[in-house]
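Asks: Structure file model39.txt (compact mmCIF, C-alpha atoms (C1' of nucleotides)) is given on the next line.
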```txt
# COMPACT_ATOMS: atom_id res chain seq x y z
CA MET P 1 -24.11 18.44 -2.21
CA SER P 2 -25.16 19.75 1.18
CA GLN P 3 -23.59 17.90 4.03
CA SER P 4 -23.44 18.11 7.78
CA ASN P 5 -19.70 17.85 8.18
CA PRO P 6 -17.74 19.51 5.37
CA GLN P 7 -14.51 18.03 6.75
CA LEU P 8 -15.70 14.57 5.78
CA ASN P 9 -16.75 15.51 2.27
CA LEU P 10 -15.28 12.97 -0.09
CA ASP P 11 -14.40 15.56 -2.67
CA ASN P 12 -12.17 17.27 -0.16
CA GLN P 13 -10.36 14.10 0.76
CA ILE P 14 -7.03 13.98 -0.96
CA CYS P 15 -6.80 10.40 0.26
CA PHE P 16 -9.70 9.30 -1.87
CA ARG P 17 -8.26 10.91 -4.99
CA LEU P 18 -4.97 9.16 -4.37
CA TYR P 19 -6.68 5.82 -3.82
CA SER P 20 -8.77 6.24 -6.98
CA ALA P 21 -5.90 7.56 -9.08
CA SER P 22 -3.65 4.70 -8.06
CA ARG P 23 -6.21 2.12 -9.14
CA GLN P 24 -6.90 4.14 -12.28
CA VAL P 25 -3.22 3.96 -13.22
CA THR P 26 -3.21 0.22 -12.64
CA ARG P 27 -6.21 -0.05 -14.95
CA LEU P 28 -4.43 2.06 -17.59
CA TYR P 29 -1.46 -0.30 -17.43
CA GLN P 30 -3.55 -3.43 -17.71
CA PRO P 31 -3.99 -3.69 -21.47
CA LEU P 32 -0.24 -3.17 -21.94
CA LEU P 33 0.74 -5.63 -19.23
CA LYS P 34 -1.76 -8.20 -20.40
CA GLU P 35 0.23 -8.54 -23.62
CA VAL P 36 3.26 -9.70 -21.65
CA GLY P 37 1.16 -11.62 -19.12
CA LEU P 38 2.10 -9.63 -16.02
CA THR P 39 0.16 -8.08 -13.19
CA TYR P 40 1.06 -4.59 -12.10
CA PRO P 41 2.90 -5.60 -8.89
CA GLN P 42 4.76 -8.28 -10.85
CA TYR P 43 5.83 -5.59 -13.32
CA ILE P 44 7.07 -3.42 -10.43
CA VAL P 45 9.17 -6.28 -9.09
CA LEU P 46 10.63 -6.97 -12.53
CA LEU P 47 11.48 -3.28 -12.94
CA ILE P 48 13.48 -3.61 -9.73
CA LEU P 49 15.27 -6.71 -10.98
CA TRP P 50 15.95 -5.19 -14.41
CA GLU P 51 17.68 -2.34 -12.58
CA GLN P 52 19.81 -4.77 -10.60
CA ASP P 53 19.68 -8.52 -11.02
CA GLY P 54 20.28 -10.96 -8.19
CA GLN P 55 18.71 -9.21 -5.20
CA LEU P 56 17.51 -10.60 -1.91
CA VAL P 57 13.80 -10.74 -1.13
CA LYS P 58 14.50 -8.21 1.59
CA GLU P 59 16.19 -5.80 -0.85
CA ILE P 60 13.35 -6.05 -3.35
CA GLY P 61 10.98 -5.48 -0.46
CA GLU P 62 12.73 -2.29 0.59
CA ARG P 63 12.63 -0.97 -2.96
CA ALA P 64 9.00 -1.86 -3.59
CA GLU P 65 7.86 -1.20 -0.01
CA LEU P 66 6.49 -4.72 0.22
CA ASN P 67 7.13 -7.43 2.79
CA SER P 68 7.79 -11.10 2.33
CA ASN P 69 4.15 -11.95 2.99
CA THR P 70 3.32 -10.22 -0.29
CA LEU P 71 6.55 -10.88 -2.16
CA THR P 72 7.02 -14.58 -1.50
CA PRO P 73 3.88 -15.74 -3.30
CA LEU P 74 4.39 -13.17 -6.06
CA LEU P 75 7.99 -14.33 -6.61
CA LYS P 76 6.89 -17.95 -6.60
CA ARG P 77 4.46 -17.15 -9.40
CA LEU P 78 7.22 -15.41 -11.38
CA ALA P 79 9.42 -18.46 -10.78
CA GLU P 80 6.68 -20.82 -11.95
CA ARG P 81 6.44 -18.79 -15.14
CA GLY P 82 10.17 -19.20 -15.61
CA LEU P 83 11.00 -15.51 -15.30
CA VAL P 84 13.10 -15.70 -12.11
CA THR P 85 14.90 -18.27 -9.97
CA ARG P 86 14.84 -18.46 -6.19
CA SER P 87 17.95 -19.75 -4.44
CA LYS P 88 19.25 -19.71 -0.89
CA ASN P 89 22.37 -17.70 -0.16
CA PRO P 90 24.92 -20.39 0.86
CA ASP P 91 26.69 -17.87 3.10
CA ASP P 92 23.48 -17.08 5.00
CA GLU P 93 20.73 -19.57 4.52
CA ARG P 94 18.11 -17.23 5.92
CA GLN P 95 18.35 -15.22 2.72
CA THR P 96 16.85 -15.98 -0.69
CA PHE P 97 18.37 -14.60 -3.84
CA ILE P 98 16.16 -13.75 -6.78
CA HIS P 99 17.80 -13.94 -10.18
CA LEU P 100 16.34 -13.24 -13.61
CA THR P 101 16.26 -16.15 -16.03
CA GLN P 102 17.06 -15.56 -19.67
CA ALA P 103 13.32 -15.31 -20.32
CA GLY P 104 13.07 -12.74 -17.54
CA LYS P 105 15.87 -10.69 -19.08
CA THR P 106 14.40 -10.94 -22.55
CA LEU P 107 11.05 -9.72 -21.29
CA GLU P 108 12.62 -6.33 -20.56
CA GLN P 109 12.77 -5.64 -24.29
CA SER P 110 9.07 -6.40 -24.66
CA CYS P 111 8.31 -3.92 -21.89
CA ALA P 112 10.54 -1.14 -23.18
CA CYS P 113 7.69 0.64 -24.90
CA ILE P 114 5.36 0.63 -21.88
CA PRO P 115 6.52 3.82 -20.10
CA ALA P 116 6.13 5.97 -23.20
CA GLN P 117 2.70 4.51 -23.90
CA MET P 118 1.68 5.15 -20.31
CA MET P 119 2.87 8.74 -20.42
CA ALA P 120 0.68 9.25 -23.44
CA LYS P 121 -2.30 7.61 -21.74
CA ALA P 122 -1.89 9.57 -18.52
CA GLY P 123 -2.33 12.85 -20.32
CA LEU P 124 -0.11 14.85 -17.98
CA SER P 125 2.34 17.49 -19.12
CA MET P 126 5.99 17.19 -18.08
CA GLU P 127 5.41 20.06 -15.67
CA GLN P 128 2.43 18.33 -14.11
CA ILE P 129 4.44 15.12 -13.82
CA GLN P 130 7.16 16.98 -11.95
CA LEU P 131 4.69 18.62 -9.59
CA LEU P 132 2.97 15.31 -8.93
CA LYS P 133 6.30 13.60 -8.22
CA GLN P 134 7.25 16.29 -5.74
CA SER P 135 3.97 16.10 -3.86
CA LEU P 136 4.11 12.32 -3.71
CA ASP P 137 7.69 12.41 -2.48
CA VAL P 138 6.69 14.70 0.38
CA LEU P 139 3.92 12.25 1.25
CA MET P 140 6.30 9.33 1.15
CA ALA P 141 8.78 11.16 3.36
CA GLN P 142 6.25 10.99 6.20
CA GLY P 143 6.38 7.96 8.41
CA GLN P 144 9.56 6.28 7.15
CA ARG P 145 9.13 3.50 9.65
CA MET G 146 22.35 3.53 -10.55
CA SER G 147 23.51 2.76 -14.07
CA GLN G 148 20.89 1.00 -16.13
CA SER G 149 20.50 -0.21 -19.66
CA ASN G 150 17.11 1.29 -20.34
CA PRO G 151 16.57 4.63 -18.59
CA GLN G 152 12.91 4.56 -19.67
CA LEU G 153 12.29 1.70 -17.31
CA ASN G 154 14.06 3.23 -14.33
CA LEU G 155 11.78 2.90 -11.36
CA ASP G 156 12.56 6.36 -10.05
CA ASN G 157 11.25 7.86 -13.25
CA GLN G 158 8.03 5.96 -13.06
CA ILE G 159 5.31 8.19 -11.75
CA CYS G 160 3.18 5.09 -11.53
CA PHE G 161 5.37 3.54 -8.87
CA ARG G 162 5.29 6.68 -6.73
CA LEU G 163 1.52 6.77 -6.99
CA TYR G 164 1.23 3.11 -6.06
CA SER G 165 3.57 3.57 -3.08
CA ALA G 166 2.01 6.83 -1.97
CA SER G 167 -1.47 5.36 -2.05
CA ARG G 168 -0.45 2.49 0.19
CA GLN G 169 1.49 4.90 2.39
CA VAL G 170 -1.66 6.97 2.91
CA THR G 171 -3.62 3.85 3.81
CA ARG G 172 -0.92 3.03 6.36
CA LEU G 173 -1.11 6.55 7.78
CA TYR G 174 -4.87 6.15 8.20
CA GLN G 175 -4.64 2.79 9.88
CA PRO G 176 -4.00 3.80 13.50
CA LEU G 177 -6.89 6.27 13.29
CA LEU G 178 -9.27 3.84 11.64
CA LYS G 179 -8.30 1.03 13.96
CA GLU G 180 -9.82 3.02 16.83
CA VAL G 181 -13.21 2.89 15.12
CA GLY G 182 -12.64 -0.63 13.78
CA LEU G 183 -12.81 0.20 10.08
CA THR G 184 -10.65 -0.66 7.10
CA TYR G 185 -9.78 2.08 4.66
CA PRO G 186 -12.20 0.98 1.91
CA GLN G 187 -14.94 0.61 4.52
CA TYR G 188 -14.24 4.18 5.63
CA ILE G 189 -14.51 5.38 2.02
CA VAL G 190 -17.90 3.68 1.66
CA LEU G 191 -19.13 5.19 4.91
CA LEU G 192 -17.98 8.64 3.78
CA ILE G 193 -20.19 8.15 0.74
CA LEU G 194 -23.15 7.11 2.89
CA TRP G 195 -22.62 9.95 5.36
CA GLU G 196 -22.86 12.33 2.40
CA GLN G 197 -26.10 10.74 1.26
CA ASP G 198 -27.85 7.94 3.12
CA GLY G 199 -29.89 5.24 1.39
CA GLN G 200 -27.98 4.67 -1.83
CA LEU G 201 -28.00 1.72 -4.18
CA VAL G 202 -24.97 -0.55 -4.45
CA LYS G 203 -24.61 0.74 -8.00
CA GLU G 204 -24.57 4.36 -6.87
CA ILE G 205 -22.00 3.71 -4.16
CA GLY G 206 -19.97 1.87 -6.77
CA GLU G 207 -20.01 4.80 -9.15
CA ARG G 208 -18.88 7.16 -6.40
CA ALA G 209 -16.13 4.89 -5.07
CA GLU G 210 -15.20 3.46 -8.47
CA LEU G 211 -15.81 -0.05 -7.17
CA ASN G 212 -17.97 -2.85 -8.57
CA SER G 213 -20.33 -5.18 -6.81
CA ASN G 214 -17.72 -7.92 -6.67
CA THR G 215 -15.80 -5.72 -4.23
CA LEU G 216 -18.71 -3.89 -2.65
CA THR G 217 -21.06 -6.77 -1.89
CA PRO G 218 -18.74 -8.54 0.57
CA LEU G 219 -17.60 -5.23 2.06
CA LEU G 220 -21.20 -4.10 2.62
CA LYS G 221 -22.08 -7.47 4.12
CA ARG G 222 -19.29 -6.97 6.65
CA LEU G 223 -20.58 -3.49 7.47
CA ALA G 224 -24.05 -4.99 7.86
CA GLU G 225 -22.76 -7.74 10.17
CA ARG G 226 -21.20 -5.04 12.33
CA GLY G 227 -24.55 -3.30 12.49
CA LEU G 228 -23.44 -0.15 10.68
CA VAL G 229 -25.69 -0.49 7.61
CA THR G 230 -28.74 -2.40 6.45
CA ARG G 231 -29.20 -4.03 3.06
CA SER G 232 -32.69 -4.16 1.59
CA LYS G 233 -34.16 -4.86 -1.81
CA ASN G 234 -35.92 -2.03 -3.58
CA PRO G 235 -39.57 -3.24 -3.74
CA ASP G 236 -40.08 -1.24 -6.94
CA ASP G 237 -37.15 -2.96 -8.65
CA GLU G 238 -35.96 -6.11 -6.98
CA ARG G 239 -32.69 -6.12 -8.88
CA GLN G 240 -31.55 -3.21 -6.75
CA THR G 241 -30.27 -3.26 -3.18
CA PHE G 242 -30.55 -0.19 -0.96
CA ILE G 243 -27.90 0.49 1.64
CA HIS G 244 -29.03 2.47 4.65
CA LEU G 245 -27.06 3.61 7.68
CA THR G 246 -28.20 2.26 11.03
CA GLN G 247 -28.23 4.53 14.06
CA ALA G 248 -24.82 3.11 14.95
CA GLY G 249 -23.60 3.90 11.46
CA LYS G 250 -24.82 7.47 11.76
CA THR G 251 -23.31 7.88 15.21
CA LEU G 252 -19.94 6.67 13.95
CA GLU G 253 -19.67 9.79 11.80
CA GLN G 254 -19.06 11.84 14.93
CA SER G 255 -16.21 9.55 15.98
CA CYS G 256 -14.62 10.01 12.57
CA ALA G 257 -15.02 13.79 12.46
CA CYS G 258 -11.47 14.37 13.70
CA ILE G 259 -9.80 12.04 11.21
CA PRO G 260 -9.34 14.39 8.23
CA ALA G 261 -7.59 17.06 10.32
CA GLN G 262 -5.31 14.46 11.88
CA MET G 263 -4.50 13.06 8.46
CA MET G 264 -3.68 16.49 7.07
CA ALA G 265 -1.21 16.92 9.89
CA LYS G 266 0.31 13.50 9.28
CA ALA G 267 0.61 13.99 5.53
CA GLY G 268 2.83 17.01 6.00
CA LEU G 269 1.68 18.78 2.86
CA SER G 270 1.04 22.49 2.64
CA MET G 271 -2.34 23.73 1.43
CA GLU G 272 -0.67 24.75 -1.82
CA GLN G 273 0.83 21.30 -2.30
CA ILE G 274 -2.52 19.69 -1.58
CA GLN G 275 -4.13 21.82 -4.26
CA LEU G 276 -1.45 20.94 -6.79
CA LEU G 277 -1.70 17.27 -5.96
CA LYS G 278 -5.48 17.36 -6.32
CA GLN G 279 -5.22 18.99 -9.72
CA SER G 280 -2.69 16.46 -11.01
CA LEU G 281 -4.73 13.54 -9.75
CA ASP G 282 -7.89 14.97 -11.30
CA VAL G 283 -6.17 15.15 -14.69
CA LEU G 284 -5.13 11.52 -14.27
CA MET G 285 -8.66 10.49 -13.34
CA ALA G 286 -10.07 12.34 -16.32
CA GLN G 287 -8.32 9.85 -18.60
CA GLY G 288 -10.21 6.71 -19.48
CA GLN G 289 -13.64 7.50 -18.05
CA ARG G 290 -15.01 4.24 -19.35
C1' DC O 291 -47.96 -10.34 -24.74
C1' DA O 292 -44.03 -13.18 -25.38
C1' DT O 293 -39.18 -13.28 -26.08
C1' DG O 294 -34.73 -11.54 -26.37
C1' DA O 295 -31.77 -7.80 -24.60
C1' DT O 296 -30.38 -5.22 -20.74
C1' DT O 297 -29.58 -4.16 -16.01
C1' DT O 298 -28.29 -5.05 -11.12
C1' DA O 299 -26.28 -7.80 -7.59
C1' DA O 300 -24.20 -11.62 -6.31
C1' DT O 301 -20.83 -15.19 -7.00
C1' DC O 302 -16.37 -17.27 -8.33
C1' DG O 303 -11.42 -17.43 -8.96
C1' DT O 304 -6.95 -15.28 -8.79
C1' DG O 305 -3.69 -12.09 -7.04
C1' DT O 306 -2.34 -8.79 -4.10
C1' DG O 307 -1.49 -6.16 0.76
C1' DC O 308 -0.62 -6.58 5.31
C1' DG O 309 -0.82 -7.77 10.56
C1' DA O 310 0.66 -11.51 13.03
C1' DT O 311 3.07 -15.64 13.81
C1' DT O 312 6.39 -19.29 12.76
C1' DT O 313 10.68 -21.40 11.41
C1' DA O 314 15.29 -21.59 10.71
C1' DA O 315 19.71 -19.41 10.65
C1' DT O 316 22.86 -16.18 12.50
C1' DT O 317 24.55 -12.94 15.83
C1' DT O 318 25.31 -11.32 20.39
C1' DA O 319 26.12 -11.52 25.38
C1' DG O 320 27.33 -13.48 29.31
C1' DC Y 321 30.81 -21.76 24.18
C1' DT Y 322 25.95 -21.47 24.83
C1' DA Y 323 21.52 -19.37 25.59
C1' DA Y 324 18.96 -15.38 24.29
C1' DA Y 325 18.09 -11.98 20.90
C1' DT Y 326 17.83 -10.82 16.22
C1' DT Y 327 17.06 -11.45 11.39
C1' DA Y 328 15.05 -13.25 6.85
C1' DA Y 329 11.75 -15.64 4.69
C1' DA Y 330 7.81 -18.22 4.77
C1' DT Y 331 3.19 -19.08 6.39
C1' DC Y 332 -1.52 -17.97 7.96
C1' DG Y 333 -5.73 -15.36 7.98
C1' DC Y 334 -8.51 -11.69 6.42
C1' DA Y 335 -9.97 -8.04 3.38
C1' DC Y 336 -9.80 -5.97 -0.70
C1' DA Y 337 -9.67 -5.41 -6.28
C1' DC Y 338 -11.20 -7.00 -10.38
C1' DG Y 339 -12.16 -10.00 -14.71
C1' DA Y 340 -15.59 -13.10 -15.71
C1' DT Y 341 -19.81 -15.37 -15.10
C1' DT Y 342 -24.40 -16.17 -13.19
C1' DA Y 343 -29.11 -15.30 -11.69
C1' DA Y 344 -32.93 -12.71 -11.35
C1' DA Y 345 -35.69 -8.86 -12.54
C1' DT Y 346 -37.04 -5.41 -15.78
C1' DC Y 347 -37.31 -3.40 -20.29
C1' DA Y 348 -37.94 -3.24 -25.21
C1' DT Y 349 -39.61 -4.87 -29.51
C1' DG Y 350 -42.06 -6.99 -32.61
```
Using structure tokens, write down the structure that the file contains.
Replies:
Amino acid sequence: MSQSNPQLNLDNQICFRLYSASRQVTRLYQPLLKEVGLTYPQYIVLLILWEQDGQLVKEIGERAELNSNTLTPLLKRLAERGLVTRSKNPDDERQTFIHLTQAGKTLEQSCACIPAQMMAKAGLSMEQIQLLKQSLDVLMAQGQR
Amino acid sequence: MSQSNPQLNLDNQICFRLYSASRQVTRLYQPLLKEVGLTYPQYIVLLILWEQDGQLVKEIGERAELNSNTLTPLLKRLAERGLVTRSKNPDDERQTFIHLTQAGKTLEQSCACIPAQMMAKAGLSMEQIQLLKQSLDVLMAQGQR
DNA sequence: CATGATTTAATCGTGTGCGATTTAATTTAG
DNA sequence: CTAAATTAAATCGCACACGATTAAATCATG
């Protein structure tokens, strides 16, 4: 427990907790997502499309805070699985529209129970959830490129 | 903003905030870590070694919540850069000891200023930090395999 | 003391993340 | 109207994460 530089102590590093907690949450989701055959980032992208179908790669990227170098391969995998379609915008061929297929839309029903199950797994009270949200929002507000 | 299933709304998903915030923090670290030529996970591993030099891969893994399939390549990169050494434990040749080199020890001084700079960047009050820590600790307490 | 179980790292394969660059299409300026 | 600048997506390269397996060493049990 003794250490030369207390500033560097891992237990004091909020960053490490955040990094661990984020991966922990992904792990908690895994058994639920495995049933529908999705990875966690794929699930995030589908959440975005279930909110609003027919978005551009760029729009999905802004929502998920991911760039095309991550999204393009991910979306191609979703397309291969028949959950979305990728089509050029005829009015601006630089853009690619992502649309849900019927299978992609249907999958939303299968995922409807996930949030409630996750809330139970996370073991946080509503109050704690609210506090956590607030803190994370402050963090996210920094460095809005 | 309207949506069929409010349960799935991304804004309500604490998971998404956590996932975004974690990557946001990594991005905030990057300019600082770039100066010392480290990635964020490499920095985490060095923090662990600066706390206690000469640990087994397994021990580092327990601290960082990472397995050998992630750690082995990462540690090999740190070894190639001359920051650590990897050596078999002669008393139990299944185990590999990781020791800091002089360069690895010296690097701690160069990193001493990072936490304070990060605190400033994060823009959280001490109170918010404490609340965030508590919430994350509750999350981490779930599913201790 | 021999053999099966366990432990520890390493390895393999897949899927992110992300900096950097490329390509193609569109917009802007001169 | 055309060349330069900008934009959107794709591509490339590298470094994680992690499930699954493998290989080697040690332990446990009969």
Asks: I want to know what sits within 10 Å of DT326 (chain Y), based on all atoms listed in the file, with residues of the same chain fewer than 2 positions away left out; could you give that as number ranges by chain?
Replies: O: 316-318; Y: 324
Asks: Write out as number ranges by chain the residues lying within 12 Å of DC321 (chain Y), counting only C-alpha atoms (C1' of nucleotides) and excluding same-chain residues fewer than 2 positions away.
Replies: O: 319-320; Y: 323
Asks: Return as an MDAnalysis selection string the residues belonging to chain O that are within 8 Å of chain G, counting only C-alpha atoms (C1' of nucleotides).
Replies: chainID O and resid 298:301
Asks: Please return the superposed copy of chain G as an mmCIF file with C-alpha atoms, keeping the file's coordinate frame; the fit should be least squares onto chain P across all sequentially paired Cα atoms.
Replies:
```
data_model
loop_
_atom_site.group_PDB
_atom_site.id
_atom_site.type_symbol
_atom_site.label_atom_id
_atom_site.label_comp_id
_atom_site.auth_asym_id
_atom_site.auth_seq_id
_atom_site.Cartn_x
_atom_site.Cartn_y
_atom_site.Cartn_z
ATOM 1 C CA MET G 146 -24.109 18.482 -2.134
ATOM 2 C CA SER G 147 -25.110 19.809 1.267
ATOM 3 C CA GLN G 148 -23.523 17.913 4.111
ATOM 4 C CA SER G 149 -23.415 18.123 7.855
ATOM 5 C CA ASN G 150 -19.679 17.843 8.272
ATOM 6 C CA PRO G 151 -17.728 19.497 5.450
ATOM 7 C CA GLN G 152 -14.506 18.016 6.861
ATOM 8 C CA LEU G 153 -15.666 14.585 5.852
ATOM 9 C CA ASN G 154 -16.738 15.526 2.342
ATOM 10 C CA LEU G 155 -15.269 12.992 -0.014
ATOM 11 C CA ASP G 156 -14.342 15.570 -2.620
ATOM 12 C CA ASN G 157 -12.119 17.296 -0.113
ATOM 13 C CA GLN G 158 -10.331 14.131 0.783
ATOM 14 C CA ILE G 159 -7.019 13.996 -0.978
ATOM 15 C CA CYS G 160 -6.773 10.436 0.231
ATOM 16 C CA PHE G 161 -9.718 9.319 -1.855
ATOM 17 C CA ARG G 162 -8.304 10.900 -5.009
ATOM 18 C CA LEU G 163 -4.996 9.175 -4.399
ATOM 19 C CA TYR G 164 -6.686 5.834 -3.826
ATOM 20 C CA SER G 165 -8.785 6.231 -6.989
ATOM 21 C CA ALA G 166 -5.929 7.554 -9.084
ATOM 22 C CA SER G 167 -3.673 4.696 -8.076
ATOM 23 C CA ARG G 168 -6.232 2.127 -9.148
ATOM 24 C CA GLN G 169 -6.924 4.133 -12.295
ATOM 25 C CA VAL G 170 -3.238 3.959 -13.224
ATOM 26 C CA THR G 171 -3.221 0.210 -12.649
ATOM 27 C CA ARG G 172 -6.225 -0.042 -14.968
ATOM 28 C CA LEU G 173 -4.448 2.053 -17.594
ATOM 29 C CA TYR G 174 -1.469 -0.307 -17.423
ATOM 30 C CA GLN G 175 -3.535 -3.439 -17.709
ATOM 31 C CA PRO G 176 -3.969 -3.714 -21.486
ATOM 32 C CA LEU G 177 -0.226 -3.169 -21.925
ATOM 33 C CA LEU G 178 0.774 -5.621 -19.227
ATOM 34 C CA LYS G 179 -1.720 -8.199 -20.390
ATOM 35 C CA GLU G 180 0.273 -8.512 -23.621
ATOM 36 C CA VAL G 181 3.301 -9.664 -21.637
ATOM 37 C CA GLY G 182 1.189 -11.599 -19.125
ATOM 38 C CA LEU G 183 2.152 -9.630 -16.026
ATOM 39 C CA THR G 184 0.189 -8.076 -13.194
ATOM 40 C CA TYR G 185 1.083 -4.583 -12.093
ATOM 41 C CA PRO G 186 2.904 -5.604 -8.888
ATOM 42 C CA GLN G 187 4.787 -8.262 -10.849
ATOM 43 C CA TYR G 188 5.859 -5.563 -13.305
ATOM 44 C CA ILE G 189 7.084 -3.391 -10.419
ATOM 45 C CA VAL G 190 9.177 -6.277 -9.076
ATOM 46 C CA LEU G 191 10.639 -6.962 -12.503
ATOM 47 C CA LEU G 192 11.508 -3.276 -12.905
ATOM 48 C CA ILE G 193 13.487 -3.607 -9.689
ATOM 49 C CA LEU G 194 15.271 -6.721 -10.949
ATOM 50 C CA TRP G 195 15.976 -5.192 -14.357
ATOM 51 C CA GLU G 196 17.697 -2.338 -12.521
ATOM 52 C CA GLN G 197 19.801 -4.765 -10.519
ATOM 53 C CA ASP G 198 19.695 -8.526 -10.971
ATOM 54 C CA GLY G 199 20.277 -10.987 -8.134
ATOM 55 C CA GLN G 200 18.700 -9.242 -5.165
ATOM 56 C CA LEU G 201 17.490 -10.646 -1.880
ATOM 57 C CA VAL G 202 13.779 -10.782 -1.092
ATOM 58 C CA LYS G 203 14.502 -8.247 1.636
ATOM 59 C CA GLU G 204 16.164 -5.848 -0.786
ATOM 60 C CA ILE G 205 13.340 -6.095 -3.303
ATOM 61 C CA GLY G 206 10.956 -5.508 -0.423
ATOM 62 C CA GLU G 207 12.720 -2.347 0.649
ATOM 63 C CA ARG G 208 12.638 -0.996 -2.897
ATOM 64 C CA ALA G 209 8.995 -1.883 -3.548
ATOM 65 C CA GLU G 210 7.846 -1.230 0.019
ATOM 66 C CA LEU G 211 6.466 -4.756 0.230
ATOM 67 C CA ASN G 212 7.064 -7.480 2.815
ATOM 68 C CA SER G 213 7.729 -11.145 2.341
ATOM 69 C CA ASN G 214 4.098 -12.014 2.977
ATOM 70 C CA THR G 215 3.292 -10.272 -0.308
ATOM 71 C CA LEU G 216 6.537 -10.916 -2.144
ATOM 72 C CA THR G 217 7.024 -14.621 -1.491
ATOM 73 C CA PRO G 218 3.878 -15.767 -3.324
ATOM 74 C CA LEU G 219 4.402 -13.193 -6.077
ATOM 75 C CA LEU G 220 7.997 -14.338 -6.635
ATOM 76 C CA LYS G 221 6.897 -17.968 -6.632
ATOM 77 C CA ARG G 222 4.481 -17.142 -9.446
ATOM 78 C CA LEU G 223 7.247 -15.402 -11.387
ATOM 79 C CA ALA G 224 9.428 -18.458 -10.800
ATOM 80 C CA GLU G 225 6.691 -20.825 -12.011
ATOM 81 C CA ARG G 226 6.475 -18.769 -15.192
ATOM 82 C CA GLY G 227 10.205 -19.163 -15.642
ATOM 83 C CA LEU G 228 11.031 -15.471 -15.301
ATOM 84 C CA VAL G 229 13.123 -15.695 -12.111
ATOM 85 C CA THR G 230 14.905 -18.267 -9.989
ATOM 86 C CA ARG G 231 14.848 -18.471 -6.206
ATOM 87 C CA SER G 232 17.936 -19.765 -4.431
ATOM 88 C CA LYS G 233 19.214 -19.751 -0.885
ATOM 89 C CA ASN G 234 22.336 -17.764 -0.150
ATOM 90 C CA PRO G 235 24.877 -20.476 0.851
ATOM 91 C CA ASP G 236 26.666 -17.960 3.081
ATOM 92 C CA ASP G 237 23.473 -17.171 4.992
ATOM 93 C CA GLU G 238 20.689 -19.654 4.532
ATOM 94 C CA ARG G 239 18.084 -17.295 5.929
ATOM 95 C CA GLN G 240 18.337 -15.276 2.741
ATOM 96 C CA THR G 241 16.828 -16.032 -0.655
ATOM 97 C CA PHE G 242 18.370 -14.637 -3.834
ATOM 98 C CA ILE G 243 16.157 -13.769 -6.766
ATOM 99 C CA HIS G 244 17.795 -13.947 -10.163
ATOM 100 C CA LEU G 245 16.350 -13.228 -13.591
ATOM 101 C CA THR G 246 16.287 -16.125 -16.030
ATOM 102 C CA GLN G 247 17.125 -15.533 -19.674
ATOM 103 C CA ALA G 248 13.390 -15.262 -20.316
ATOM 104 C CA GLY G 249 13.118 -12.705 -17.545
ATOM 105 C CA LYS G 250 15.925 -10.662 -19.050
ATOM 106 C CA THR G 251 14.462 -10.900 -22.537
ATOM 107 C CA LEU G 252 11.100 -9.666 -21.281
ATOM 108 C CA GLU G 253 12.668 -6.289 -20.526
ATOM 109 C CA GLN G 254 12.835 -5.585 -24.247
ATOM 110 C CA SER G 255 9.126 -6.331 -24.644
ATOM 111 C CA CYS G 256 8.362 -3.875 -21.859
ATOM 112 C CA ALA G 257 10.616 -1.100 -23.157
ATOM 113 C CA CYS G 258 7.727 0.660 -24.898
ATOM 114 C CA ILE G 259 5.394 0.640 -21.903
ATOM 115 C CA PRO G 260 6.502 3.831 -20.112
ATOM 116 C CA ALA G 261 6.115 5.986 -23.238
ATOM 117 C CA GLN G 262 2.684 4.519 -23.924
ATOM 118 C CA MET G 263 1.656 5.143 -20.337
ATOM 119 C CA MET G 264 2.826 8.747 -20.457
ATOM 120 C CA ALA G 265 0.618 9.246 -23.475
ATOM 121 C CA LYS G 266 -2.338 7.588 -21.774
ATOM 122 C CA ALA G 267 -1.944 9.549 -18.550
ATOM 123 C CA GLY G 268 -2.382 12.829 -20.372
ATOM 124 C CA LEU G 269 -0.167 14.822 -18.041
ATOM 125 C CA SER G 270 2.269 17.463 -19.185
ATOM 126 C CA MET G 271 5.923 17.189 -18.184
ATOM 127 C CA GLU G 272 5.354 20.058 -15.768
ATOM 128 C CA GLN G 273 2.386 18.317 -14.173
ATOM 129 C CA ILE G 274 4.374 15.110 -13.860
ATOM 130 C CA GLN G 275 7.115 16.976 -12.038
ATOM 131 C CA LEU G 276 4.647 18.604 -9.668
ATOM 132 C CA LEU G 277 2.929 15.314 -9.004
ATOM 133 C CA LYS G 278 6.256 13.622 -8.301
ATOM 134 C CA GLN G 279 7.219 16.313 -5.829
ATOM 135 C CA SER G 280 3.918 16.113 -3.952
ATOM 136 C CA LEU G 281 4.065 12.341 -3.776
ATOM 137 C CA ASP G 282 7.662 12.454 -2.558
ATOM 138 C CA VAL G 283 6.643 14.750 0.301
ATOM 139 C CA LEU G 284 3.882 12.296 1.188
ATOM 140 C CA MET G 285 6.293 9.368 1.106
ATOM 141 C CA ALA G 286 8.754 11.232 3.288
ATOM 142 C CA GLN G 287 6.249 11.047 6.143
ATOM 143 C CA GLY G 288 6.389 7.996 8.352
ATOM 144 C CA GLN G 289 9.573 6.341 7.106
ATOM 145 C CA ARG G 290 9.252 3.619 9.691
#
```
Asks: Can you list every residue of chain Y that has an atom at most 12 Å from chain G, with its nearest atom pair and the distance in Å to one decimal, using all atoms listed in the file, ordered by chain then number, as CSV?
Replies:
```
residue,atom,partner,partner_atom,distance
Y:DC334,C1',G:Thr184,CA,11.3
Y:DA335,C1',G:Leu219,CA,8.2
Y:DC336,C1',G:Thr215,CA,7.0
Y:DA337,C1',G:Thr215,CA,6.5
Y:DC338,C1',G:Asn214,CA,7.6
Y:DG339,C1',G:Asn214,CA,10.0
Y:DA340,C1',G:Asn214,CA,10.6
Y:DT341,C1',G:Asn214,CA,11.4
Y:DA343,C1',G:Arg239,CA,10.2
Y:DA344,C1',G:Arg239,CA,7.0
Y:DA345,C1',G:Arg239,CA,5.5
Y:DT346,C1',G:Asp237,CA,7.5
Y:DC347,C1',G:Asp237,CA,11.6
```
